[in-house]
Amino acid sequence: MEPGSYQTIKKQSEAIYKEKGSKFIAKVFYIETEEQFKEQLEKVKKEYHDARHHCYAYRINPKIEQFRSNDDGEPSGTAGKPILNQIYSLELFNVLVVVVRYFGGTKLGVSGLINAYKTATHEALSSAQIETRYIMHQLELNFEYPLMNDIMRIIKEENLEILSQFYDQNCVIKLTVKKSNLERVLIRLEKIHQVKFKVLKSR
């Protein structure tokens, strides 16, 4: 994969897997923060309040990876870990998977549980549609109007997105730059004397 890029899902999805009377409902969500994780998990618990288990795993923040998994009462390592491993196998970020289990009366055993949670998660992720996104930086440029042509040439050649612009004798332009292209863009800007720039934040 291109440096500074990551894979994530395009949309929410769901899949149902049944094994020996037990039903496993896997629900996939796009999240970026722990707060969003807590909100989505709470919604699922309310929707399936009569289920015995609400197991989950998530992986967020491609800049500084964060992840968590939980078996929610299932034998240790039989639910959360298989869910998380499916997220890793597809190299996904900013994804939460919650698998709700309705017990069917027949115990599945350790291997049976692992397979059920793995399969339900895989099927749900397969229908979520995966896309490539990029870690982006915001850049602010300050320069005098006579330098406009030089600045716009770089913006066009580097295919940069303009977020906002103010043109006067003193001009200000805010841009987004792919992380993988940032160093090259900054080197080009440094060659234009009297241009001031700063990196504001990344997303």
# chains A, B, ... in the order shown; residues from 1 in each chain; ligands from 1
call {"tool": "residues_around", "arguments": {"residues": "stretch 171-178 of chain A", "least_positions_apart": "4", "cutoff": "8 Å", "atoms": "only C-alpha atoms", "output": "list in words"}}
result
Gly4, Tyr134, Ile135, Met136, His137, Gln138, Leu139, Glu140, Leu141, Asn142, Phe143, Glu144, Tyr145, Leu160, Glu161, Ile162, Leu163, Ser164, Gln165, Phe166, Tyr167 and Leu182 of chain A
call {"tool": "select_by_dssp", "arguments": {"residues": "stretch 8-141 of chain A", "states": "helix (DSSP H, G or I)", "output": "ChimeraX atom specification"}}
result
/A:34-47,80-89,109-126
call {"tool": "closest_atom_pairs", "arguments": {"of": "stretch 24-44 of chain A", "to": "stretch 85-99 of chain A", "cutoff": "9 Å", "atoms": "only C-alpha atoms", "output": "Markdown table"}}
result
| residue | atom | partner | partner_atom | distance |
| --- | --- | --- | --- | --- |
| A:Phe24 | CA | A:Val99 | CA | 6.3 |
| A:Ile25 | CA | A:Val99 | CA | 5.3 |
| A:Ala26 | CA | A:Val99 | CA | 4.2 |
| A:Lys27 | CA | A:Val98 | CA | 5.3 |
| A:Val28 | CA | A:Val97 | CA | 4.6 |
| A:Phe29 | CA | A:Leu96 | CA | 5.1 |
| A:Tyr30 | CA | A:Val95 | CA | 4.9 |
| A:Ile31 | CA | A:Asn94 | CA | 5.0 |
| A:Glu32 | CA | A:Asn94 | CA | 5.2 |
| A:Thr33 | CA | A:Asn94 | CA | 8.0 |
| A:Phe37 | CA | A:Leu96 | CA | 6.9 |
| A:Gln40 | CA | A:Leu96 | CA | 8.6 |
| A:Leu41 | CA | A:Val98 | CA | 7.2 |
| A:Val44 | CA | A:Val98 | CA | 7.8 |
call {"tool": "closest_atom_pairs", "arguments": {"of": "stretch 107-197 of chain A", "to": "stretch 61-79 of chain A", "cutoff": "10 Å", "atoms": "only C-alpha atoms", "output": "JSON lines"}}
result
{"residue": "A:Gly109", "atom": "CA", "partner": "A:Pro75", "partner_atom": "CA", "distance": 9.1}
{"residue": "A:Val110", "atom": "CA", "partner": "A:Thr78", "partner_atom": "CA", "distance": 6.2}
{"residue": "A:Ser111", "atom": "CA", "partner": "A:Thr78", "partner_atom": "CA", "distance": 7.7}
{"residue": "A:Gly112", "atom": "CA", "partner": "A:Thr78", "partner_atom": "CA", "distance": 8.7}
{"residue": "A:Leu113", "atom": "CA", "partner": "A:Thr78", "partner_atom": "CA", "distance": 5.7}
{"residue": "A:Ile114", "atom": "CA", "partner": "A:Thr78", "partner_atom": "CA", "distance": 4.7}
{"residue": "A:Asn115", "atom": "CA", "partner": "A:Thr78", "partner_atom": "CA", "distance": 8.5}
{"residue": "A:Ala116", "atom": "CA", "partner": "A:Ala79", "partner_atom": "CA", "distance": 8.5}
{"residue": "A:Tyr117", "atom": "CA", "partner": "A:Ala79", "partner_atom": "CA", "distance": 5.7}
{"residue": "A:Lys118", "atom": "CA", "partner": "A:Ala79", "partner_atom": "CA", "distance": 7.8}
{"residue": "A:Tyr134", "atom": "CA", "partner": "A:Pro62", "partner_atom": "CA", "distance": 9.4}
{"residue": "A:Ile135", "atom": "CA", "partner": "A:Lys63", "partner_atom": "CA", "distance": 7.7}
call {"tool": "select_by_dssp", "arguments": {"residues": "chain A", "states": "strand (DSSP E)", "output": "VMD selection string"}}
result
chain A and resid 5 to 9 13 to 19 22 to 30 53 to 60 66 to 70 95 to 102 130 to 134 136 to 144 161 to 166 170 to 178 196 to 202
call {"tool": "closest_residue", "arguments": {"among": "A:Ala120, A:Leu125, A:Ile192, A:Ile9", "to": "A:Leu147", "atoms": "only C-alpha atoms"}}
result
A:Ile192
call {"tool": "closest_residue", "arguments": {"among": "A:Leu108, A:Thr121, A:Asp50, A:Val100", "to": "A:Ile83", "atoms": "only C-alpha atoms"}}
result
A:Thr121
call {"tool": "closest_residue", "arguments": {"among": "A:Glu123, A:Glu131, A:Asp150, A:Glu183", "to": "A:Thr8", "atoms": "only C-alpha atoms"}}
result
A:Glu131
call {"tool": "residues_around", "arguments": {"residues": "A:Lys11", "least_positions_apart": "2", "cutoff": "7 Å", "atoms": "only C-alpha atoms", "output": "MDAnalysis selection string"}}
result
chainID A and resid 9 13 128:129
call {"tool": "write_last_selection", "arguments": {"atoms": "C-alpha atoms", "output": "tab-separated table (two decimals), in the first residue's frame"}}
result
chain	number	residue	atom	x	y	z
A	9	ILE	CA	-14.97	0.54	4.98
A	13	SER	CA	-22.89	-3.73	6.98
A	128	ALA	CA	-18.97	-3.49	3.77
A	129	GLN	CA	-17.04	-2.44	0.63
call {"tool": "closest_residue", "arguments": {"among": "A:Val185, A:Lys20, A:Lys10, A:Ser126", "to": "A:Asn159", "atoms": "only C-alpha atoms"}}
result
A:Val185
